[in-house]
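Participant: I'd like to ask you about the structure that follows.
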Protein chains: 2
Amino acid sequence: MATYKMTLAYDGSRYSGWQKQGNTENTIQAKVEGVLSRLLEEPVEVAGSGRTDEGVHALAQVASFRTERVLDGDRLMAECNRFLPQDIRILSTVLTFPRFHARLSSSGKWYEYRIDNGPVARIFERKYLTRVEEPLDIAAMREAAAFLLGEHDFASFCDNKHMKKSTVRYLYEIVLEEREGILTISLHGDGFLYHMARILCGTLIEVGLGARSPYGMQRILEARDRSAAGRLAPAQGLFLRKVEYPV
Amino acid sequence: MATYKMTLAYDGSRYSGWQKQGNTENTIQAKVEGVLSRLLEEPVEVAGSGRTDEGVHALAQVASFRTERVLDGDRLMAECNRFLPQDIRILSTVLTFPRFHARLSSSGKWYEYRIDNGPVARIFERKYLTRVEEPLDIAAMREAAAFLLGEHDFASFCDNKHMKKSTVRYLYEIVLEEREGILTISLHGDGFLYHMARILCGTLIEVGLGARSPYGMQRILEARDRSAAGRLAPAQGLFLRKVEYPV
């Protein structure tokens with residue numbers, strides 16, 4: 001039995017997210033499992049590091065799977081890429097230690113959210129950016145972001161009302177960088193709740209537009225109530241950038 | 001009567017090219033004329049610096065038009081962008097001298113052709129790149145390009161069989177740059193014949209793949225016969241980057 005660690009990128013635009021759900025075959029997981037099962041001639045189950053929602057992209061999602069057949073990782077990657085749709089690409093496939101699991105072994109994640117805030121909307125990247133017409137006050141957004149760093153109960157930033165497990169997470173870094181009219185919000189944490197990255201960004205955008213004060217963040221966290229936070233930012237601007245593992 | 005110079009970008013993917021032709025409204029020219037005529041409340045004719053073919057993009061196409069109504073250029077641009085489809089954006093609109101004409105006044109053009117030649121195909125830019133799987137020999141392509149510089153009869157690189165006017169053009173520069181697996185071929189000339197940029201790039205790609213010798217370029221030029229040159233490279237990798245005017 002061999003365990004593989006696979007890194008993959010995808011354009012989430014036309015998929016119902018990463019995770020298989022009921023009958024829908026229109027998920028990235030289902031596409032990858034279909035191709036792997038055909039190539040390895042056995043049913044293969046792929047575990048992702050986490051779900052990405054409908055329309056969310058990945059620059060480097062990580063998935064793990066086990067198989068009876070031990071193949072060269074590079075060859076397996078090349079074969080997969082031949083049969084996968086063009087909007088899903090395997091970036092690497094390597095043999096790893098038997099107990100590796102993409103989700104359970106993960107120690108942290110980077111997401112990035114891309115906002116087009118230039119004077120004229122970008123054309124060629126328009127499907128991978130959220131357009132905000134009014135100029136954003138990035139200094140105010142940075143001030144607001146500082147309140148969110150560290151360990152907090154992020155219940156206000158979670159869209160799962162029936163969350164039974166803890167909603168406490170640790171946010172290590174929030175980095176805002178503006179370049180040629182594109183504002184990128186990078187989020188680094190030990191884990192993200194359902195919609196957490198997009199609600200955080202939606203709330204920061206409202207601060208940038210002057211609709212909220214940066215000093216309101218503390219109160220939003222304390223409320224532990226979804227209605228205290230801002231809107232869910234659109235999926236098309238969100239990218240899962242990196243999944244971290246302890247070496 | 002006011003004359004305007006307009007600079008615009010477009011994603012050519014879903015259009016039948018720049019130029020209006022017969023009944024088709026599915027051209028960039030028709031979209032821009034439609035919006036301008038509505039805003040200025042008079043029929044407006046827009047002259048482009050040249051046609052771009054079906055599926056070809058523009059980073060900065062230039063167009064000129066005249067109108068009885070003198071409006072602030074920035075306001076006109078903002079109004080146009082409100083009503084144009086998202087894949088066409090006006091980048092600037094400025095009043096200019098009365099005899100300015102986007103095509104007749106032009107003194108040169110830059111095109112760029114983008115090739116994805118990395119080990120794994122790019123996902124997010126895939127509609128704006130031509131994928132070439134085999135590694136290209138860029139040194140050989142540069143050698144071939146050198147033969148094309150200067151004044152030549154480019155009849156072999158023209159898809160208009162019934163060209164009545166001269167097929168002599170001047171190529172000032174051909175620059176090949178590779179970065180992170182993307183090879184960009186930049187072409188700078190005084191003018192380009194029908195399909196010339198794409199046939200030049202298609203021929204250079206064949207050199208890069210080892211299917212042609214760089215030293216065959218001289219013979220292709222001398223043949224003055226389309227069948228001597230290489231294939232027409234796909235439209236999706238071609239961008240009109242800049243149109244030049246004598247100050």
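Naming scheme: A, B, ... for chains in displayed order of the structure tokens; residues 1 onward per chain; ligands 1 onward as shown.
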Could you tell me which residues of chain A sit within 8 Å of chain B when counting only C-alpha atoms, and give me the result as a PyMOL selection string?

Facilitator: chain A and resi 9-11+86-91+120-121+123-125+128

Participant: Got a sec: who's within 7 Å of region 16-28 of chain B, counting only C-alpha atoms, leaving out chain neighbours fewer than 5 positions off, as an NGL selection string?

Facilitator: :B and (51-56)

Participant: How about saving the chosen residues, C-alpha atoms kept, as an mmCIF file, in the first residue's frame?

Facilitator:
```
data_model
loop_
_atom_site.group_PDB
_atom_site.id
_atom_site.type_symbol
_atom_site.label_atom_id
_atom_site.label_comp_id
_atom_site.auth_asym_id
_atom_site.auth_seq_id
_atom_site.Cartn_x
_atom_site.Cartn_y
_atom_site.Cartn_z
ATOM 1 C CA ARG B 51 -8.488 45.202 -37.452
ATOM 2 C CA THR B 52 -7.830 42.572 -34.882
ATOM 3 C CA ASP B 53 -9.107 39.160 -36.000
ATOM 4 C CA GLU B 54 -11.712 36.988 -34.357
ATOM 5 C CA GLY B 55 -10.468 35.913 -30.913
ATOM 6 C CA VAL B 56 -7.499 38.314 -30.823
#
```

Participant: Could you give me, as a PyMOL selection string, each residue of region 8-126 of chain A that DSSP assigns to alpha helix (DSSP H) when run on this structure's backbone?

Facilitator: chain A and resi 28-40+73-83

Participant: Give me the residues near region 150-163 of chain B as a ChimeraX atom specification, where near means some atom within 7 Å (using only C-alpha atoms) and where sequence neighbours in that chain fewer than 4 positions away do not count.

Facilitator: /B:167-172,193-196,199-200,220-221,223-226,228-229

Participant: With N, CA and C atoms kept, could you save the residues just selected as a PDB file, in the first residue's frame?

Facilitator:
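To be explicit, this is the file written out as part.pdb:
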```
ATOM      1  N   THR B 167       2.998  44.379 -50.153  1.00  0.00           N
ATOM      2  CA  THR B 167       3.156  43.489 -49.001  1.00  0.00           C
ATOM      3  C   THR B 167       4.525  43.711 -48.334  1.00  0.00           C
ATOM      4  N   VAL B 168       5.131  44.838 -48.657  1.00  0.00           N
ATOM      5  CA  VAL B 168       6.417  45.182 -48.029  1.00  0.00           C
ATOM      6  C   VAL B 168       6.141  45.879 -46.691  1.00  0.00           C
ATOM      7  N   ARG B 169       6.783  45.369 -45.641  1.00  0.00           N
ATOM      8  CA  ARG B 169       6.644  45.983 -44.320  1.00  0.00           C
ATOM      9  C   ARG B 169       8.023  46.035 -43.663  1.00  0.00           C
ATOM     10  N   TYR B 170       8.110  46.851 -42.606  1.00  0.00           N
ATOM     11  CA  TYR B 170       9.368  46.993 -41.881  1.00  0.00           C
ATOM     12  C   TYR B 170       9.169  46.425 -40.478  1.00  0.00           C
ATOM     13  N   LEU B 171       9.966  45.420 -40.112  1.00  0.00           N
ATOM     14  CA  LEU B 171       9.934  44.886 -38.742  1.00  0.00           C
ATOM     15  C   LEU B 171      11.107  45.482 -37.976  1.00  0.00           C
ATOM     16  N   TYR B 172      10.804  46.277 -36.957  1.00  0.00           N
ATOM     17  CA  TYR B 172      11.873  46.941 -36.194  1.00  0.00           C
ATOM     18  C   TYR B 172      12.514  46.019 -35.159  1.00  0.00           C
ATOM     19  N   LEU B 193       0.417  42.778 -42.059  1.00  0.00           N
ATOM     20  CA  LEU B 193      -0.520  42.260 -43.059  1.00  0.00           C
ATOM     21  C   LEU B 193      -1.530  41.323 -42.388  1.00  0.00           C
ATOM     22  N   TYR B 194      -2.531  40.919 -43.148  1.00  0.00           N
ATOM     23  CA  TYR B 194      -3.566  40.011 -42.640  1.00  0.00           C
ATOM     24  C   TYR B 194      -2.937  38.706 -42.143  1.00  0.00           C
ATOM     25  N   HIS B 195      -3.101  38.417 -40.844  1.00  0.00           N
ATOM     26  CA  HIS B 195      -2.554  37.221 -40.186  1.00  0.00           C
ATOM     27  C   HIS B 195      -1.031  37.221 -40.029  1.00  0.00           C
ATOM     28  N   MET B 196      -0.362  38.321 -40.410  1.00  0.00           N
ATOM     29  CA  MET B 196       1.103  38.322 -40.410  1.00  0.00           C
ATOM     30  C   MET B 196       1.712  37.985 -39.044  1.00  0.00           C
ATOM     31  N   ILE B 199       1.214  34.234 -38.338  1.00  0.00           N
ATOM     32  CA  ILE B 199       2.005  33.315 -39.191  1.00  0.00           C
ATOM     33  C   ILE B 199       3.483  33.411 -38.803  1.00  0.00           C
ATOM     34  N   LEU B 200       3.950  34.625 -38.498  1.00  0.00           N
ATOM     35  CA  LEU B 200       5.331  34.775 -38.021  1.00  0.00           C
ATOM     36  C   LEU B 200       5.537  33.924 -36.762  1.00  0.00           C
ATOM     37  N   ILE B 220      12.006  31.441 -47.025  1.00  0.00           N
ATOM     38  CA  ILE B 220      10.555  31.679 -46.898  1.00  0.00           C
ATOM     39  C   ILE B 220      10.223  33.088 -47.406  1.00  0.00           C
ATOM     40  N   LEU B 221      11.021  34.066 -46.989  1.00  0.00           N
ATOM     41  CA  LEU B 221      10.784  35.450 -47.429  1.00  0.00           C
ATOM     42  C   LEU B 221      10.880  35.544 -48.955  1.00  0.00           C
ATOM     43  N   ALA B 223      10.418  33.290 -51.169  1.00  0.00           N
ATOM     44  CA  ALA B 223       9.390  32.525 -51.898  1.00  0.00           C
ATOM     45  C   ALA B 223       8.164  33.392 -52.230  1.00  0.00           C
ATOM     46  N   ARG B 224       7.878  34.381 -51.391  1.00  0.00           N
ATOM     47  CA  ARG B 224       6.674  35.221 -51.554  1.00  0.00           C
ATOM     48  C   ARG B 224       5.429  34.351 -51.800  1.00  0.00           C
ATOM     49  N   ASP B 225       5.361  33.283 -51.020  1.00  0.00           N
ATOM     50  CA  ASP B 225       4.309  32.285 -51.189  1.00  0.00           C
ATOM     51  C   ASP B 225       3.895  31.780 -49.800  1.00  0.00           C
ATOM     52  N   ARG B 226       2.635  31.944 -49.461  1.00  0.00           N
ATOM     53  CA  ARG B 226       2.132  31.587 -48.137  1.00  0.00           C
ATOM     54  C   ARG B 226       2.497  30.160 -47.734  1.00  0.00           C
ATOM     55  N   ALA B 228       5.090  28.541 -48.139  1.00  0.00           N
ATOM     56  CA  ALA B 228       6.482  28.371 -47.695  1.00  0.00           C
ATOM     57  C   ALA B 228       6.617  28.579 -46.179  1.00  0.00           C
ATOM     58  N   ALA B 229       5.689  29.331 -45.588  1.00  0.00           N
ATOM     59  CA  ALA B 229       5.786  29.656 -44.150  1.00  0.00           C
ATOM     60  C   ALA B 229       5.071  28.608 -43.302  1.00  0.00           C
TER      61      ALA B 229
END
```

Participant: Counting only C-alpha atoms, which of A:Cys80, A:Ile115, A:Ile138, A:Val94 gets nearest to Ala2 (chain A)?

Facilitator: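 For Ala2 (chain A), the nearest of the given residues is A:Val94.
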
Participant: Give me the residues near Ser105 (chain A) as an NGL selection string, where near means some atom within 10 Å (using only C-alpha atoms) and where sequence neighbours in that chain fewer than 3 positions away do not count.

Facilitator: :A and (49 or 99-102 or 108 or 244-246)
